[in-house]
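Engineer: For reference, this is coords.txt, and it has compact mmCIF, C-alpha atoms.
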```
# COMPACT_ATOMS: atom_id res chain seq x y z
CA MET A 1 29.49 -17.52 -3.97
CA PRO A 2 27.20 -20.39 -2.98
CA GLU A 3 27.95 -22.57 0.00
CA THR A 4 29.43 -26.01 -0.54
CA GLU A 5 26.83 -28.13 -2.26
CA PHE A 6 25.80 -31.26 -0.41
CA THR A 7 22.86 -33.44 0.48
CA LEU A 8 22.14 -33.64 4.20
CA PRO A 9 22.81 -37.02 5.88
CA LEU A 10 19.63 -38.71 7.10
CA ASP A 11 20.74 -38.76 10.74
CA GLU A 12 21.09 -34.95 10.74
CA HIS A 13 17.98 -34.19 8.73
CA ALA A 14 15.44 -33.71 11.53
CA ALA A 15 17.74 -31.57 13.69
CA VAL A 16 18.69 -29.24 10.83
CA GLN A 17 15.04 -28.91 9.73
CA LYS A 18 14.04 -27.97 13.28
CA ARG A 19 16.78 -25.36 13.46
CA THR A 20 15.87 -24.03 10.02
CA ILE A 21 12.23 -23.54 11.02
CA GLY A 22 13.28 -21.78 14.23
CA VAL A 23 15.63 -19.35 12.47
CA LEU A 24 13.11 -18.58 9.75
CA MET A 25 10.41 -17.94 12.35
CA VAL A 26 12.44 -15.36 14.26
CA SER A 27 13.46 -13.72 10.97
CA VAL A 28 9.99 -13.32 9.46
CA ILE A 29 8.57 -11.72 12.62
CA PRO A 30 10.38 -8.35 12.24
CA ALA A 31 10.07 -8.55 8.44
CA GLY A 32 6.32 -9.13 8.67
CA MET A 33 5.99 -6.32 11.20
CA SER A 34 7.72 -3.97 8.79
CA SER A 35 5.62 -4.84 5.74
CA ALA A 36 2.33 -4.79 7.64
CA GLY A 37 3.17 -1.63 9.56
CA VAL A 38 3.55 0.56 6.48
CA PHE A 39 0.41 -0.68 4.76
CA PRO A 40 -2.25 1.28 6.70
CA VAL A 41 -0.30 4.56 6.39
CA THR A 42 0.90 4.46 2.77
CA SER A 43 -2.41 5.19 1.03
CA PRO A 44 -3.42 7.92 3.55
CA LEU A 45 0.03 9.53 3.19
CA ALA A 46 -0.30 9.44 -0.59
CA LYS A 47 -3.74 11.03 -0.34
CA ASP A 48 -2.35 13.77 1.92
CA LEU A 49 0.40 14.46 -0.62
CA THR A 50 -1.76 14.36 -3.77
CA GLY A 51 -5.42 14.77 -2.76
CA SER A 52 -6.32 11.86 -5.06
CA GLU A 53 -7.85 8.53 -4.06
CA THR A 54 -6.62 7.02 -7.33
CA LEU A 55 -3.02 7.98 -6.55
CA ALA A 56 -3.52 6.84 -2.96
CA GLY A 57 -4.48 3.40 -4.22
CA PHE A 58 -1.60 3.49 -6.69
CA ALA A 59 0.96 4.19 -3.95
CA ALA A 60 -0.32 1.38 -1.74
CA ALA A 61 -0.44 -0.95 -4.73
CA CYS A 62 3.22 -0.22 -5.42
CA LEU A 63 3.99 -2.21 -2.26
CA THR A 64 2.54 -5.20 -4.11
CA VAL A 65 3.97 -4.25 -7.51
CA GLY A 66 7.42 -4.18 -5.95
CA ALA A 67 6.86 -7.64 -4.52
CA ALA A 68 5.85 -8.93 -7.96
CA VAL A 69 8.88 -7.40 -9.64
CA ALA A 70 11.23 -8.84 -7.01
CA ALA A 71 9.79 -12.38 -6.89
CA VAL A 72 11.65 -13.91 -9.83
CA PRO A 73 15.05 -12.21 -9.30
CA ILE A 74 15.10 -13.25 -5.65
CA THR A 75 14.25 -16.90 -6.32
CA THR A 76 16.57 -17.06 -9.32
CA TYR A 77 19.37 -15.74 -7.13
CA MET A 78 18.47 -18.33 -4.49
CA SER A 79 18.64 -21.13 -7.06
CA LYS A 80 22.30 -20.22 -7.66
CA VAL A 81 23.59 -19.36 -4.18
CA GLY A 82 21.02 -20.58 -1.64
CA ARG A 83 18.16 -19.28 0.48
CA ARG A 84 20.27 -17.37 3.01
CA PRO A 85 21.89 -14.85 0.61
CA GLY A 86 18.53 -14.32 -1.11
CA LEU A 87 16.74 -13.54 2.15
CA ARG A 88 19.52 -11.17 3.19
CA ILE A 89 19.57 -9.09 0.02
CA GLY A 90 15.77 -8.96 -0.29
CA TRP A 91 15.28 -7.56 3.19
CA ILE A 92 18.15 -5.06 2.83
CA VAL A 93 16.58 -3.69 -0.36
CA ALA A 94 13.31 -3.29 1.56
CA ALA A 95 15.10 -1.40 4.35
CA VAL A 96 16.44 1.05 1.77
CA GLY A 97 12.89 1.47 0.46
CA ALA A 98 11.61 2.28 3.94
CA LEU A 99 14.30 4.96 4.28
CA ILE A 100 13.27 6.52 0.96
CA ALA A 101 9.59 6.49 1.96
CA PHE A 102 10.50 8.13 5.26
CA ILE A 103 12.31 10.90 3.39
CA SER A 104 9.26 11.37 1.13
CA SER A 105 7.07 11.96 4.19
CA ILE A 106 9.51 14.57 5.49
CA ILE A 107 9.91 16.56 2.27
CA GLU A 108 6.35 15.83 1.05
CA PHE A 109 7.42 14.52 -2.35
CA PHE A 110 5.06 11.88 -3.77
CA PRO A 111 7.41 10.29 -6.38
CA LEU A 112 9.82 9.27 -3.62
CA LEU A 113 6.97 7.51 -1.81
CA VAL A 114 6.30 5.48 -4.96
CA ILE A 115 9.98 4.49 -5.24
CA GLY A 116 10.13 3.59 -1.55
CA ALA A 117 6.96 1.51 -1.76
CA LEU A 118 8.31 -0.42 -4.76
CA LEU A 119 11.54 -1.25 -2.91
CA MET A 120 9.66 -2.18 0.28
CA GLY A 121 7.71 -4.64 -1.83
CA ALA A 122 10.91 -6.66 -2.10
CA GLY A 123 10.56 -7.28 1.63
CA SER A 124 7.14 -8.85 1.15
CA ALA A 125 8.42 -11.00 -1.71
CA THR A 126 11.33 -12.16 0.43
CA THR A 127 9.11 -12.99 3.38
CA LEU A 128 6.80 -14.98 1.09
CA THR A 129 9.79 -16.88 -0.31
CA ALA A 130 10.84 -17.87 3.20
CA ARG A 131 7.89 -20.30 3.34
CA TYR A 132 9.53 -22.37 0.61
CA ALA A 133 12.78 -22.43 2.59
CA ALA A 134 10.78 -24.06 5.39
CA ALA A 135 9.70 -26.80 2.97
CA ASP A 136 13.13 -27.54 1.45
CA LEU A 137 13.99 -30.16 4.08
CA ALA A 138 10.45 -31.15 5.11
CA ARG A 139 9.12 -34.71 4.74
CA ASP A 140 6.46 -35.17 2.07
CA ASP A 141 3.77 -35.89 4.68
CA ALA A 142 4.68 -32.80 6.74
CA ARG A 143 5.33 -30.25 4.01
CA ALA A 144 2.07 -28.32 4.45
CA ARG A 145 2.62 -28.08 8.20
CA ALA A 146 6.18 -26.78 7.70
CA ILE A 147 4.89 -24.06 5.37
CA ALA A 148 1.99 -23.32 7.71
CA ILE A 149 4.19 -22.97 10.79
CA LEU A 150 6.25 -20.32 9.05
CA VAL A 151 3.15 -18.50 7.82
CA TRP A 152 1.83 -18.67 11.38
CA ALA A 153 5.04 -17.13 12.72
CA GLY A 154 4.30 -14.09 10.62
CA THR A 155 1.24 -13.49 12.81
CA PHE A 156 3.24 -11.88 15.59
CA GLY A 157 5.04 -9.30 13.51
CA SER A 158 2.22 -8.71 11.07
CA VAL A 159 -0.37 -8.12 13.79
CA LEU A 160 1.96 -5.97 15.87
CA GLY A 161 3.05 -3.95 12.84
CA PRO A 162 -0.14 -1.97 12.11
CA THR A 163 -0.98 -1.60 15.81
CA LEU A 164 2.47 -0.28 16.73
CA ALA A 165 2.85 1.79 13.57
CA THR A 166 -0.48 3.62 13.89
CA GLY A 167 -0.32 3.91 17.69
CA PRO A 168 2.85 4.19 19.82
CA VAL A 169 5.26 4.69 16.91
CA THR A 170 3.13 7.44 15.36
CA ASP A 171 2.70 9.12 18.75
CA LEU A 172 6.44 8.94 19.43
CA GLY A 173 7.23 10.37 16.01
CA ILE A 174 4.89 13.30 16.57
CA ALA A 175 6.41 13.86 20.01
CA VAL A 176 9.90 14.25 18.51
CA GLY A 177 8.66 16.53 15.74
CA LEU A 178 8.20 14.11 12.84
CA PRO A 179 5.20 14.29 10.47
CA GLU A 180 2.27 12.11 11.57
CA ARG A 181 2.74 9.36 8.99
CA SER A 182 6.55 9.13 8.97
CA GLY A 183 7.21 7.05 12.11
CA PRO A 184 6.04 3.69 10.66
CA TYR A 185 8.73 3.88 7.98
CA VAL A 186 11.45 4.16 10.61
CA LEU A 187 10.00 1.07 12.31
CA ALA A 188 9.98 -0.74 8.96
CA MET A 189 13.58 0.15 8.21
CA LEU A 190 14.76 -1.25 11.54
CA GLY A 191 12.62 -4.39 11.22
CA PHE A 192 13.94 -5.29 7.76
CA VAL A 193 17.54 -4.82 8.89
CA VAL A 194 17.00 -7.06 11.92
CA ALA A 195 15.45 -9.78 9.70
CA ALA A 196 18.37 -9.61 7.28
CA VAL A 197 20.96 -9.88 10.06
CA LEU A 198 19.21 -12.77 11.84
CA SER A 199 18.84 -14.87 8.70
CA ASP A 200 22.37 -14.13 7.54
CA ARG A 201 23.98 -15.07 10.84
CA LEU A 202 21.85 -18.02 11.89
CA LEU A 203 20.52 -19.82 8.79
CA ARG A 204 23.37 -22.30 8.55
CA PRO A 205 23.46 -24.71 6.84
CA ASP A 206 21.44 -23.20 4.05
CA PRO A 207 18.29 -25.39 3.66
CA LEU A 208 18.28 -25.35 -0.15
CA VAL A 209 21.96 -26.25 -0.27
CA ALA A 210 21.46 -28.99 2.33
CA ALA A 211 18.56 -30.41 0.30
CA GLY A 212 20.76 -30.62 -2.81
CA GLY A 213 18.77 -28.00 -4.69
CA ILE A 214 21.56 -25.69 -5.90
CA LYS A 215 21.88 -25.79 -9.66
CA ASP A 216 25.14 -26.63 -11.37
CA ARG A 217 26.71 -23.27 -12.18
CA ALA A 218 27.90 -24.67 -15.51
CA ALA A 219 24.35 -25.64 -16.51
CA PRO A 220 22.37 -23.38 -18.87
CA LYS A 221 20.40 -20.66 -17.12
CA THR A 222 16.67 -21.25 -16.73
CA ARG A 223 14.73 -18.54 -18.52
CA ILE A 224 11.59 -17.05 -17.01
CA ALA A 225 9.54 -18.35 -19.95
CA GLU A 226 10.73 -21.89 -19.21
CA SER A 227 9.58 -21.61 -15.60
CA PHE A 228 6.13 -20.45 -16.70
CA ALA A 229 5.99 -23.31 -19.20
CA LYS A 230 6.74 -25.80 -16.43
CA LEU A 231 3.92 -24.35 -14.31
CA TRP A 232 1.48 -24.63 -17.21
CA SER A 233 2.53 -28.18 -18.08
CA VAL A 234 1.60 -29.64 -14.68
CA PRO A 235 -2.17 -29.60 -13.91
CA MET A 236 -1.79 -29.41 -10.14
CA ALA A 237 0.76 -26.61 -10.50
CA ARG A 238 -1.80 -24.67 -12.55
CA LEU A 239 -4.38 -25.14 -9.80
CA ALA A 240 -1.84 -24.09 -7.15
CA VAL A 241 -1.12 -20.86 -9.00
CA LEU A 242 -4.84 -20.18 -9.51
CA ALA A 243 -5.54 -20.65 -5.79
CA MET A 244 -2.74 -18.36 -4.66
CA ALA A 245 -3.29 -15.70 -7.33
CA THR A 246 -7.05 -15.47 -6.78
CA GLY A 247 -6.72 -15.25 -3.01
CA HIS A 248 -4.02 -12.60 -3.27
CA ALA A 249 -5.98 -10.49 -5.76
CA VAL A 250 -9.11 -10.50 -3.62
CA MET A 251 -7.17 -9.79 -0.45
CA VAL A 252 -5.04 -6.95 -1.83
CA GLY A 253 -7.86 -5.38 -3.83
CA VAL A 254 -10.15 -5.05 -0.83
CA MET A 255 -7.49 -4.32 1.79
CA THR A 256 -5.82 -1.56 -0.27
CA MET A 257 -8.88 0.69 -0.14
CA THR A 258 -10.19 -0.26 3.31
CA PRO A 259 -8.14 2.42 5.13
CA ILE A 260 -9.49 5.10 2.77
CA HIS A 261 -13.05 3.76 3.14
CA MET A 262 -12.78 3.94 6.92
CA GLU A 263 -11.17 7.38 6.85
CA ASN A 264 -14.16 8.58 4.85
CA GLY A 265 -16.27 7.36 7.79
CA ASN A 266 -14.17 9.45 10.21
CA HIS A 267 -12.68 6.45 12.02
CA GLU A 268 -9.54 7.11 14.04
CA VAL A 269 -6.25 5.83 12.68
CA GLN A 270 -5.94 3.40 15.61
CA ILE A 271 -9.25 1.76 14.63
CA ILE A 272 -8.01 1.39 11.07
CA GLY A 273 -4.86 -0.22 12.41
CA PHE A 274 -6.93 -2.67 14.48
CA VAL A 275 -8.92 -3.67 11.37
CA ILE A 276 -5.73 -4.40 9.44
CA SER A 277 -4.34 -6.29 12.44
CA LEU A 278 -7.44 -8.48 12.71
CA HIS A 279 -7.29 -9.09 8.98
CA ILE A 280 -3.70 -10.26 9.40
CA VAL A 281 -4.75 -12.52 12.28
CA GLY A 282 -7.05 -14.22 9.78
CA MET A 283 -4.19 -14.48 7.28
CA TYR A 284 -1.67 -16.05 9.64
CA ALA A 285 -2.93 -17.16 13.06
CA PHE A 286 -4.81 -20.28 11.93
CA SER A 287 -2.13 -21.43 9.49
CA PRO A 288 -1.11 -24.53 11.51
CA VAL A 289 -4.73 -25.72 11.45
CA VAL A 290 -4.95 -25.08 7.71
CA GLY A 291 -1.67 -26.94 7.15
CA TRP A 292 -2.90 -29.88 9.22
CA PHE A 293 -6.05 -30.10 7.09
CA VAL A 294 -4.03 -29.95 3.87
CA ASP A 295 -1.78 -32.82 5.01
CA ARG A 296 -4.79 -34.86 6.16
CA ALA A 297 -7.58 -34.06 3.67
CA GLY A 298 -5.59 -32.89 0.66
CA ALA A 299 -5.27 -29.51 -0.99
CA LEU A 300 -8.45 -29.50 -3.10
CA PRO A 301 -11.02 -29.28 -0.26
CA VAL A 302 -8.97 -26.54 1.41
CA ILE A 303 -8.77 -24.55 -1.83
CA ALA A 304 -12.56 -24.78 -2.20
CA THR A 305 -13.05 -23.69 1.41
CA GLY A 306 -10.71 -20.75 0.89
CA GLY A 307 -12.69 -19.52 -2.10
CA ILE A 308 -15.95 -19.65 -0.13
CA LEU A 309 -14.41 -17.74 2.79
CA LEU A 310 -13.06 -15.07 0.43
CA PHE A 311 -16.52 -14.64 -1.10
CA ILE A 312 -18.33 -14.37 2.25
CA GLY A 313 -15.77 -11.97 3.70
CA ALA A 314 -15.79 -9.66 0.68
CA GLU A 315 -19.59 -9.61 0.59
CA ILE A 316 -19.78 -8.68 4.28
CA ALA A 317 -17.29 -5.84 3.70
CA SER A 318 -19.23 -4.66 0.65
CA HIS A 319 -22.38 -4.20 2.75
CA THR A 320 -20.64 -2.12 5.44
CA ASP A 321 -21.05 1.67 5.33
CA ALA A 322 -18.01 3.87 5.92
CA GLU A 323 -19.36 5.00 9.30
CA ASP A 324 -19.70 1.40 10.55
CA ARG A 325 -16.88 -0.90 11.57
CA LEU A 326 -18.19 -4.36 12.57
CA GLY A 327 -18.73 -5.56 9.01
CA VAL A 328 -15.26 -4.48 7.97
CA PHE A 329 -13.73 -6.23 11.01
CA VAL A 330 -15.53 -9.49 10.21
CA GLY A 331 -15.19 -9.26 6.44
CA LEU A 332 -11.45 -8.54 6.43
CA PHE A 333 -10.86 -11.34 8.96
CA LEU A 334 -12.64 -13.89 6.73
CA ILE A 335 -10.79 -12.64 3.66
CA GLY A 336 -7.53 -13.20 5.52
CA LEU A 337 -8.56 -16.73 6.48
CA GLY A 338 -9.54 -17.53 2.89
CA TRP A 339 -6.18 -16.19 1.70
CA SER A 340 -4.41 -18.48 4.18
CA CYS A 341 -6.25 -21.52 2.81
CA GLY A 342 -5.24 -20.68 -0.75
CA LEU A 343 -1.63 -19.84 0.07
CA ILE A 344 -0.84 -22.93 2.14
CA SER A 345 -2.68 -25.46 -0.02
CA GLY A 346 -1.32 -23.86 -3.21
CA SER A 347 2.25 -23.69 -1.90
CA THR A 348 2.10 -27.34 -0.87
CA LEU A 349 0.77 -28.45 -4.26
CA LEU A 350 3.42 -26.43 -6.05
CA THR A 351 6.31 -27.75 -3.95
CA SER A 352 5.16 -31.34 -4.46
CA ALA A 353 4.89 -30.91 -8.23
CA PHE A 354 8.59 -30.32 -8.94
CA THR A 355 12.03 -31.65 -8.09
CA THR A 356 14.18 -29.89 -5.49
CA GLU A 357 16.34 -28.33 -8.20
CA GLU A 358 13.32 -27.07 -10.19
CA ARG A 359 11.56 -25.56 -7.20
CA PRO A 360 13.24 -22.15 -6.75
CA THR A 361 12.60 -20.91 -10.29
CA THR A 362 9.08 -22.34 -10.56
CA GLN A 363 8.28 -20.95 -7.11
CA GLY A 364 9.53 -17.56 -8.25
CA ALA A 365 7.38 -17.68 -11.39
CA SER A 366 4.38 -18.69 -9.30
CA ASP A 367 4.94 -15.89 -6.80
CA LEU A 368 5.29 -13.44 -9.68
CA ILE A 369 1.84 -14.46 -10.92
CA MET A 370 0.38 -14.43 -7.41
CA VAL A 371 1.81 -11.09 -6.34
CA GLY A 372 1.28 -9.65 -9.82
CA SER A 373 -2.40 -10.49 -9.56
CA GLY A 374 -2.53 -8.69 -6.24
CA ALA A 375 -0.66 -5.74 -7.72
CA ALA A 376 -3.12 -5.49 -10.60
CA ALA A 377 -6.03 -5.62 -8.17
CA GLY A 378 -4.41 -2.97 -5.99
CA LEU A 379 -3.68 -0.71 -8.95
CA VAL A 380 -7.27 -0.71 -10.18
CA SER A 381 -8.86 -0.64 -6.72
CA GLY A 382 -8.45 3.12 -6.29
CA ALA A 383 -9.99 3.83 -9.69
CA VAL A 384 -12.88 1.45 -9.00
CA VAL A 385 -13.64 3.20 -5.71
CA GLU A 386 -13.31 6.67 -7.24
CA PHE A 387 -15.56 5.93 -10.19
CA SER A 388 -17.87 3.43 -8.47
CA SER A 389 -17.63 2.66 -4.74
CA TYR A 390 -15.87 0.57 -2.12
CA HIS A 391 -19.03 -1.53 -1.98
CA GLY A 392 -18.77 -2.38 -5.68
CA LEU A 393 -15.06 -3.18 -5.36
CA ALA A 394 -15.58 -5.64 -2.50
CA HIS A 395 -18.65 -7.24 -4.12
CA TRP A 396 -16.98 -8.07 -7.43
CA ALA A 397 -13.80 -9.19 -5.68
CA GLY A 398 -15.89 -11.70 -3.74
CA ILE A 399 -17.64 -12.93 -6.89
CA SER A 400 -14.28 -13.61 -8.56
CA ALA A 401 -13.26 -15.88 -5.65
CA LEU A 402 -16.06 -18.33 -6.49
CA ILE A 403 -13.90 -19.74 -9.29
CA LEU A 404 -11.91 -21.64 -6.65
CA PRO A 405 -14.69 -23.87 -5.23
CA VAL A 406 -15.96 -24.47 -8.77
CA VAL A 407 -12.59 -25.61 -10.19
CA ALA A 408 -11.55 -27.52 -7.07
CA GLY A 409 -14.97 -29.17 -6.85
CA LEU A 410 -14.82 -30.33 -10.47
CA LEU A 411 -11.35 -31.79 -9.94
CA LEU A 412 -12.52 -33.60 -6.79
CA ILE A 413 -15.46 -35.10 -8.66
CA ASN A 414 -13.15 -36.18 -11.48
CA GLN A 415 -10.72 -37.78 -9.00
CA ARG A 416 -13.51 -39.76 -7.36
CA ARG A 417 -14.84 -40.94 -10.70
CA ASN A 418 -11.38 -42.14 -11.67
CA ARG A 419 -11.05 -44.07 -8.40
CA VAL A 420 -14.34 -45.92 -8.86
CA ALA A 421 -13.98 -46.48 -12.60
CA PRO A 422 -13.51 -50.13 -13.59
CA ALA A 423 -9.99 -51.16 -14.54
```
As structure tokens, what does this structure read like?
Structural biologist:
Amino acid sequence: MPETEFTLPLDEHAAVQKRTIGVLMVSVIPAGMSSAGVFPVTSPLAKDLTGSETLAGFAAACLTVGAAVAAVPITTYMSKVGRRPGLRIGWIVAAVGALIAFISSIIEFFPLLVIGALLMGAGSATTLTARYAAADLARDDARARAIAILVWAGTFGSVLGPTLATGPVTDLGIAVGLPERSGPYVLAMLGFVVAAVLSDRLLRPDPLVAAGGIKDRAAPKTRIAESFAKLWSVPMARLAVLAMATGHAVMVGVMTMTPIHMENGNHEVQIIGFVISLHIVGMYAFSPVVGWFVDRAGALPVIATGGILLFIGAEIASHTDAEDRLGVFVGLFLIGLGWSCGLISGSTLLTSAFTTEERPTTQGASDLIMVGSGAAAGLVSGAVVEFSSYHGLAHWAGISALILPVVAGLLLINQRRNRVAPA
């Protein structure tokens, strides 16, 4: 059952928004740690179990496929009962997925790893949705910064995740007799449970309920097709989706096969974990700066900048041999920074384009497209590497990102022409 529906009094607005941001920040840290910690071990584990790079890429991509599948159900559920119950159930489902993946590593059964990865993807979808909860009560002129602060909070867990998972947690697991790649799934299970408990106990009042965004339960249900139609009908919403989907596809496509590429160069698992951690620093650590620029300069210049950063980062990675590491460090960092630009500017545009009541379902449809684009890129990345090369994968991923500065630049030019046109 949803909480009592109400609109927050103005004199309580700032205090509740501050508390909401704080609770969301401490919740996404363990959730981000869990999602990031399993990423660098899932494709190597799948390769150990199957001997196939294509299936290794498929297993890692299932983390993203699961996020895409979960995006709309989670936000639809939130639109009926609030953000808090949606966050709770999404992270609990992910914890179950981590348990299943752990079992797969013990009994060496690949299909269970696929199932676990799909369910863990719900954790990523839930963590992504939390950024919209941060914006529910934000002022119009501070919306990008509210989203950015929550994205930034993910830095701590998401950077610690790969480092802990591939270092101390793996070593501890081996010491107690577990298979080498099983420990990170135990860490993920615990992290998702902690996130679910924190949000469930502390996120009160529910920000979507307080903002007056819960739909009338007697009203007709919004169909998925209607949400997509709303996205398509608003030009800035279309641009927002393009920015987020392109950034996610480039990021996931390249990152999915980077651990395999580095393993082929005989890099130690700790080095691979450091690369993923630095990539995540690029994704999250500079989010407050990105949000500040979006609020000050507007979303279009930041979207263009993000596309350029994605292109440069992917090209640097594409020219790095498996035995080398510097180019991958730099390239993955820049890809992460470009992704951050697209996510924050796109999320801000999307939130501004719709009413409070319309936001949950349109946000879910947008995240489905965004994460689905990443899932598609992840699914084909293994095949591209197997039949071509990692270099070709990264190169063409970077080329695709150039659509963002082109489209954003054309819209900026059109806006300036309209401003100077005679009345």
Engineer: Using only C-alpha atoms, which protein or nucleic acid residues come within 7 Å of Ala243 in chain A? Drop anything in the same chain fewer than 6 positions from it, and give the result as a list in words.
Structural biologist: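 After dropping sequence-adjacent residues, the list is Ile303, Gly342, Gly346 and Leu404 of chain A.
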Engineer: Within 7 Å of range 358-375 of chain A, counting all atoms listed in the file, which residues qualify if same-chain residues fewer than 3 places away don't, as a list in words?
Structural biologist: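 The residues that qualify are Ala61, Thr64, Val65, Ala67, Ala68, Ala71, Val72, Thr75, Thr76, Met78, Ser79, Ser227, Phe228, Leu231, Val241, Met244, Ala245, His248, Ala249, Val252, Gly253, Thr351, Phe354, Thr355, Gly378 and Leu379 of chain A.
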Engineer: Take the residues just selected and output them with C-alpha atoms as an mmCIF file, in the frame of the given file.
Structural biologist:
```
data_model
loop_
_atom_site.group_PDB
_atom_site.id
_atom_site.type_symbol
_atom_site.label_atom_id
_atom_site.label_comp_id
_atom_site.auth_asym_id
_atom_site.auth_seq_id
_atom_site.Cartn_x
_atom_site.Cartn_y
_atom_site.Cartn_z
ATOM 1 C CA ALA A 61 -0.440 -0.950 -4.730
ATOM 2 C CA THR A 64 2.540 -5.200 -4.110
ATOM 3 C CA VAL A 65 3.970 -4.250 -7.510
ATOM 4 C CA ALA A 67 6.860 -7.640 -4.520
ATOM 5 C CA ALA A 68 5.850 -8.930 -7.960
ATOM 6 C CA ALA A 71 9.790 -12.380 -6.890
ATOM 7 C CA VAL A 72 11.650 -13.910 -9.830
ATOM 8 C CA THR A 75 14.250 -16.900 -6.320
ATOM 9 C CA THR A 76 16.570 -17.060 -9.320
ATOM 10 C CA MET A 78 18.470 -18.330 -4.490
ATOM 11 C CA SER A 79 18.640 -21.130 -7.060
ATOM 12 C CA SER A 227 9.580 -21.610 -15.600
ATOM 13 C CA PHE A 228 6.130 -20.450 -16.700
ATOM 14 C CA LEU A 231 3.920 -24.350 -14.310
ATOM 15 C CA VAL A 241 -1.120 -20.860 -9.000
ATOM 16 C CA MET A 244 -2.740 -18.360 -4.660
ATOM 17 C CA ALA A 245 -3.290 -15.700 -7.330
ATOM 18 C CA HIS A 248 -4.020 -12.600 -3.270
ATOM 19 C CA ALA A 249 -5.980 -10.490 -5.760
ATOM 20 C CA VAL A 252 -5.040 -6.950 -1.830
ATOM 21 C CA GLY A 253 -7.860 -5.380 -3.830
ATOM 22 C CA THR A 351 6.310 -27.750 -3.950
ATOM 23 C CA PHE A 354 8.590 -30.320 -8.940
ATOM 24 C CA THR A 355 12.030 -31.650 -8.090
ATOM 25 C CA GLY A 378 -4.410 -2.970 -5.990
ATOM 26 C CA LEU A 379 -3.680 -0.710 -8.950
#
```
Engineer: Taking (-12.6, -17.0, 0.7) in the coordinates of the supplied file, I want to know which residues reach to within 7 Å of it, counting all atoms listed in the file; could you give the answer as a PyMOL selection string?
Structural biologist: chain A and resi 305-313+334-335+338-339+401
Engineer: Store the residues of this selection in a file with C-alpha atoms, as a tab-separated table (two decimals), keeping the file's coordinate frame.
Structural biologist:
```
chain	number	residue	atom	x	y	z
A	305	THR	CA	-13.05	-23.69	1.41
A	306	GLY	CA	-10.71	-20.75	0.89
A	307	GLY	CA	-12.69	-19.52	-2.10
A	308	ILE	CA	-15.95	-19.65	-0.13
A	309	LEU	CA	-14.41	-17.74	2.79
A	310	LEU	CA	-13.06	-15.07	0.43
A	311	PHE	CA	-16.52	-14.64	-1.10
A	312	ILE	CA	-18.33	-14.37	2.25
A	313	GLY	CA	-15.77	-11.97	3.70
A	334	LEU	CA	-12.64	-13.89	6.73
A	335	ILE	CA	-10.79	-12.64	3.66
A	338	GLY	CA	-9.54	-17.53	2.89
A	339	TRP	CA	-6.18	-16.19	1.70
A	401	ALA	CA	-13.26	-15.88	-5.65
```
Engineer: Rounded to one decimal in Å, what is the spacing between CA of Arg325 in chain A and CA of Asp171 in chain A?
Structural biologist: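 Separation of CA of Arg325 in chain A and CA of Asp171 in chain A: 23.1 Å.
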Engineer: Provide the CA of Ala322 in chain A to CA of Ser400 in chain A distance in Å, to one decimal place.
Structural biologist: 23.0 Å
Engineer: Between A:Leu239, A:Ala60, A:Leu164, A:Leu113, which has the minimum distance to Pro259 in chain A (counting only C-alpha atoms)?
Structural biologist: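 Looking only at the distances to Pro259 in chain A, the closest residue turns out to be A:Ala60.
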Engineer: If I take CA of Ala353 in chain A and CA of Arg204 in chain A, how far is one from the other in Å, to one decimal?
Structural biologist: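 We find that CA of Ala353 in chain A and CA of Arg204 in chain A lie 26.4 Å from each other.
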Engineer: For Glu180 in chain A, list every protein, DNA or RNA residue within 12 Å, evaluated using only C-alpha atoms, and leave out those in the same chain fewer than 2 positions away; present the list as a ChimeraX atom specification.
Structural biologist: /A:41-42,44-45,48,102,105-106,108,165-178,182-185,269
Engineer: Dump as CSV the rows for residues of range 21-116 of chain A within 12 Å of range 153-160 of chain A: closest atom pair and distance in Å with one decimal, all atoms listed in the file counted, ordered by chain and rising residue number.
Structural biologist:
```
residue,atom,partner,partner_atom,distance
A:Ile21,CA,A:Ala153,CA,9.8
A:Gly22,CA,A:Ala153,CA,9.6
A:Val23,CA,A:Ala153,CA,10.8
A:Leu24,CA,A:Ala153,CA,8.7
A:Met25,CA,A:Ala153,CA,5.4
A:Val26,CA,A:Ala153,CA,7.8
A:Ser27,CA,A:Gly154,CA,9.2
A:Val28,CA,A:Gly154,CA,5.9
A:Ile29,CA,A:Gly157,CA,4.4
A:Pro30,CA,A:Gly157,CA,5.6
A:Ala31,CA,A:Gly157,CA,7.2
A:Gly32,CA,A:Ser158,CA,4.8
A:Met33,CA,A:Gly157,CA,3.9
A:Ser34,CA,A:Gly157,CA,7.6
A:Ser35,CA,A:Ser158,CA,7.4
A:Ala36,CA,A:Ser158,CA,5.2
A:Gly37,CA,A:Ser158,CA,7.3
A:Val38,CA,A:Ser158,CA,10.4
A:Phe39,CA,A:Ser158,CA,10.4
A:Pro40,CA,A:Ser158,CA,11.8
```
Engineer: Which neighbours of Ala148 in chain A fall inside 8 Å, counting only C-alpha atoms, when residues of the same chain fewer than 6 positions from it are skipped, and could you give them as a VMD selection string?
Structural biologist: chain A and resid 131 287 to 288 290 to 291 344
Engineer: For Val294 in chain A, list every protein, DNA or RNA residue within 8 Å, evaluated using only C-alpha atoms, and leave out those in the same chain fewer than 4 positions away; present the list as a list in words.
Structural biologist: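 Listing them by chain and then by number gives Ala144, Val290, Gly298, Ala299, Val302, Ile344 and Ser345 of chain A.
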Engineer: Determine the nearest neighbour of Ala125 in chain A from the options A:Ala70, A:Ile214, A:Ala304, A:Ala146, counting all atoms listed in the file.
Structural biologist: A:Ala70
Engineer: Considering all atoms listed in the file, can you say which of A:Leu87, A:Ala14, A:Ile280, A:Ala377 comes closest to Ala195 in chain A?
Structural biologist: A:Leu87
